[in-house]
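Have a look at the structure below, then the notes.
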Amino acid sequence: MANLNYYKAKIKAFSLTEWLIGINVFMFLLTQLVTMTTGNGLVRLGAKVNILISLGEYWRLLTSMFLHADIMHLVFNMLALFILGRDIERFFGKKKFLVIYFISGLIGSALSYLIVPNVSVGASGAIFGLMGANLFLYKINPTVYKRIYGSDFLILIGVNLVIGFIRPNIDMAGHIGGLIGGFITAFAVGLNFEKAFVPKRIAFQLISAIILIVPIFIGSIRMTSTPETYASGAYYHYTIDNISTANRYIDKGIRKFPNDPDLNSIKTIINQ
């Protein structure tokens with residue numbers, strides 16, 4: 001019993017930052033297992049795939065935040081999360097830390113969905129959100145911030161942005177969306193023990209909601225304006241033997257584009 005209480009106390013002592021790192025590591029291992037057994041673990045477990053999101057799989061905007069393409073992608077992101085997360089968690093408190101992390105990550109995913117056509121994964125949007133919260137700390141009290149951190153974090157943010165623009169295959173829309181989302185959401189919630197629902201914060205809460213919802217709305221309208229989206233989404237689910245979802249997507253497409261030959265052909269193939 002004493003050992004059990006010891007381990008319970010150890011678990012309770014974990015920070016939310018450490019829990020998030022643990023979840024990301026677990027999802028990486030699960031991705032490897034799924035890839036080895038059924039193939040394409042990233043997409044199966046919730047990568048950001050614009051076509052599938054536009055057809056209603058909006059949960060991918062969240063799940064893609066916990067997936068990583070390879071071990072180095074995971075290691076660098078978790079290192080950044082460990083460095084940034086503990087301080088943001090301390091300054092804002094656990095609940096507000098989670099709000100900043102998830103809202104900024106979702107805003108990053110939403111902006112990527114609107115702008116970047118490629119499949120993408122990673123916690124980078126949420127991590128840039130923590131950088132945005134760091135900018136908020138600098139904004140409210142530059143003197144104290146510099147006394148604690150110097151200019152190291154500001155330089156780190158700038159270097160990361162420059163690297164993102166230089167290196168190929170980096171989802172800069174997700175990074176910039178996360179950075180802006182973190183900065184605005186930090187204003188929206190305030191520091192630990194500050195009241196969140198006061199007039200000056202409600203305005204920023206509305207802005208956070210707008211910059212999250214509008215890119216998703218615009219992206220979905222654009223993506224579903226062509227029959228190819230429905231055909232591609234249905235075909236993907238057909239290839240993984242998810243026939244009911246394939247039929248649902250193809251039926252949506254046929255209702256919107258009843259005379260499209262490709263949609264009707266795929267409908268026939270699916271139901272052979």
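Convention: chains lettered A, B, ... in structure tokens order; per-chain residue numbering from 1; ligands numbered from 1 as shown.
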If you take only C-alpha atoms and a cut-off of 7 Å, which residues of segment 58-113 of chain A touch segment 170-183 of chain A, and what are their nearest atom pairs and distances in Å to one decimal, in chain and number order, as a tab-separated table?
```
residue	atom	partner	partner_atom	distance
A:Ile100	CA	A:Gly182	CA	5.8
A:Ile103	CA	A:Gly181	CA	6.9
A:Ser104	CA	A:Gly181	CA	4.4
A:Gly105	CA	A:Gly178	CA	5.5
A:Ile107	CA	A:Gly177	CA	5.6
A:Gly108	CA	A:Gly174	CA	3.9
A:Ser109	CA	A:Gly174	CA	5.6
A:Leu111	CA	A:Ala173	CA	5.8
A:Ser112	CA	A:Gly174	CA	4.9
```
>> If we count only C-alpha atoms and set the cut-off at 6 Å, which residues sit around segment 50-66 of chain A, ignoring sequence neighbours fewer than 5 positions away in its own chain? Please answer as a ChimeraX atom specification.
In response: /A:24,109,113,121-123,220,229,233
Selection from above, N, CA and C atoms, as an mmCIF file, in the first residue's frame, can you write it?
```cif
data_model
loop_
_atom_site.group_PDB
_atom_site.id
_atom_site.type_symbol
_atom_site.label_atom_id
_atom_site.label_comp_id
_atom_site.auth_asym_id
_atom_site.auth_seq_id
_atom_site.Cartn_x
_atom_site.Cartn_y
_atom_site.Cartn_z
ATOM 1 N N ASN A 24 2.700 12.647 -26.377
ATOM 2 C CA ASN A 24 3.331 12.730 -27.697
ATOM 3 C C ASN A 24 4.237 11.533 -27.959
ATOM 4 N N SER A 109 -3.167 24.749 -36.761
ATOM 5 C CA SER A 109 -3.718 23.730 -37.657
ATOM 6 C C SER A 109 -4.722 24.336 -38.636
ATOM 7 N N TYR A 113 -4.464 24.410 -42.587
ATOM 8 C CA TYR A 113 -5.554 23.843 -43.388
ATOM 9 C C TYR A 113 -5.976 24.794 -44.501
ATOM 10 N N VAL A 121 1.885 17.147 -39.743
ATOM 11 C CA VAL A 121 1.737 16.690 -38.358
ATOM 12 C C VAL A 121 2.731 17.444 -37.488
ATOM 13 N N GLY A 122 2.530 17.376 -36.178
ATOM 14 C CA GLY A 122 3.514 17.924 -35.263
ATOM 15 C C GLY A 122 2.928 18.875 -34.241
ATOM 16 N N ALA A 123 3.632 18.981 -33.120
ATOM 17 C CA ALA A 123 3.222 19.870 -32.031
ATOM 18 C C ALA A 123 3.734 21.289 -32.226
ATOM 19 N N SER A 220 -13.017 24.956 -45.798
ATOM 20 C CA SER A 220 -13.999 23.905 -46.076
ATOM 21 C C SER A 220 -14.863 24.250 -47.283
ATOM 22 N N THR A 229 -12.729 16.435 -54.315
ATOM 23 C CA THR A 229 -12.600 16.278 -52.867
ATOM 24 C C THR A 229 -13.395 15.080 -52.379
ATOM 25 N N GLY A 233 -11.714 11.619 -50.903
ATOM 26 C CA GLY A 233 -12.040 11.190 -49.551
ATOM 27 C C GLY A 233 -12.681 9.818 -49.524
#
```
> To one decimal place, how far is atom CA of Ala186 of chain A from atom CA of Phe76 of chain A in Å?
Replying inline: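 Spanning atom CA of Ala186 of chain A to atom CA of Phe76 of chain A is a straight-line distance of 23.8 Å.
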Set out as a Markdown table a contact list for segment 26-129 of chain A and segment 135-150 of chain A with a cut-off of 12 Å, giving each residue of segment 26-129 of chain A that qualifies its closest atom pair and distance in Å to one decimal, counting only C-alpha atoms, ordered by chain and rising residue number.
```
| residue | atom | partner | partner_atom | distance |
| --- | --- | --- | --- | --- |
| A:Leu84 | CA | A:Tyr149 | CA | 11.7 |
| A:Asp87 | CA | A:Leu137 | CA | 10.6 |
| A:Ile88 | CA | A:Leu137 | CA | 9.2 |
| A:Phe91 | CA | A:Leu137 | CA | 8.8 |
| A:Phe92 | CA | A:Leu137 | CA | 10.0 |
| A:Ile100 | CA | A:Phe136 | CA | 11.6 |
| A:Phe128 | CA | A:Leu135 | CA | 10.4 |
| A:Gly129 | CA | A:Leu135 | CA | 9.7 |
```
>> I'd like the contact shell of Gly219 of chain A - 8 Å cut-off, only C-alpha atoms, skipping same-chain residues fewer than 3 positions apart - returned as a list of chain:residue names.
In response: A:Ser54, A:Tyr113, A:Leu114, A:Pro215, A:Ile216, A:Arg222, A:Met223
>> Show me, as a list in words, the residues that have an atom within 10 Å of Gly41 of chain A when counting only C-alpha atoms, minus same-chain residues fewer than 3 positions from it.
In response: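 Answer for this query is Phe28, Leu30, Thr31, Gln32, Leu33, Val34, Thr35, Met36, Thr37, Thr38, Arg44, Leu45, Gly46, Ala47, Leu67 and Ala69 of chain A.
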Selected residues, C-alpha atoms, written as a CSV table (one decimal), in the first residue's frame, please.
```csv
chain,number,residue,atom,x,y,z
A,28,PHE,CA,4.8,8.3,-31.8
A,30,LEU,CA,1.6,3.9,-31.5
A,31,THR,CA,2.2,5.5,-35.0
A,32,GLN,CA,5.1,3.2,-35.6
A,33,LEU,CA,3.1,0.1,-34.5
A,34,VAL,CA,0.1,1.0,-36.8
A,35,THR,CA,2.5,1.7,-39.7
A,36,MET,CA,4.1,-1.7,-39.3
A,37,THR,CA,0.8,-3.5,-39.0
A,38,THR,CA,-1.6,-1.7,-41.4
A,44,ARG,CA,-4.9,6.6,-39.9
A,45,LEU,CA,-4.3,8.2,-36.5
A,46,GLY,CA,-5.2,11.7,-37.5
A,47,ALA,CA,-2.7,13.7,-39.6
A,67,LEU,CA,1.7,13.1,-34.3
A,69,ALA,CA,6.9,12.3,-38.8
```
>> Env of Tyr236 of chain A: 9 Å cut, atoms = only C-alpha atoms, seq-sep filter 5 positions within chain, self excluded. Answer as a list in words.
In response: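 Returned residues: Leu52, Ala231, Asp241, Asn242 and Ala246 of chain A.
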>> Give me the residues near segment 204-208 of chain A as a ChimeraX atom specification, where near means some atom within 8 Å (using only C-alpha atoms) and where sequence neighbours in that chain fewer than 3 positions away do not count.
In response: /A:103,181,184-185,187-189,200-201,211-212
May I have the selected residues written with C-alpha atoms, as a PDB file, in the first residue's frame?
```pdb
ATOM      1  CA  ILE A 103      -6.139  26.933 -28.759  1.00  0.00           C
ATOM      2  CA  GLY A 181      -2.747  32.325 -31.504  1.00  0.00           C
ATOM      3  CA  ILE A 184      -3.717  36.551 -28.472  1.00  0.00           C
ATOM      4  CA  THR A 185      -4.888  33.677 -26.261  1.00  0.00           C
ATOM      5  CA  PHE A 187      -4.141  38.173 -23.608  1.00  0.00           C
ATOM      6  CA  ALA A 188      -7.521  36.401 -23.582  1.00  0.00           C
ATOM      7  CA  VAL A 189      -6.887  34.389 -20.395  1.00  0.00           C
ATOM      8  CA  LYS A 200     -10.709  43.672 -21.762  1.00  0.00           C
ATOM      9  CA  ARG A 201     -10.149  39.901 -22.102  1.00  0.00           C
ATOM     10  CA  ILE A 211      -9.046  33.384 -36.113  1.00  0.00           C
ATOM     11  CA  LEU A 212      -9.769  29.740 -35.319  1.00  0.00           C
TER      12      LEU A 212
END
```
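If you look at atom CA of Phe217 of chain A and atom CA of Gly125 of chain A, they are 19.2 Å away from each other.
Residues in contact with Phe257 of chain A at 12 Å, where only C-alpha atoms are counted and same-chain residues fewer than 6 positions away are skipped, are listed as Thr224, Ser225, Thr226, Pro227, Glu228, Thr229, Tyr230, Ala231, Ile250, Asp251, Leu263 and Asn264 of chain A.
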>> Please compute the atom CA of Val159 of chain A-atom CA of Leu74 of chain A distance, one decimal, in Å.
In response: 19.1 Å
>> Write out as a PyMOL selection string the set of residues from segment 36-149 of chain A that DSSP, computed on the backbone, places in alpha helix (DSSP H).
In response: chain A and resi 36-37+41-45+50-54+60-63+71-92+94-115+124-140+142-149
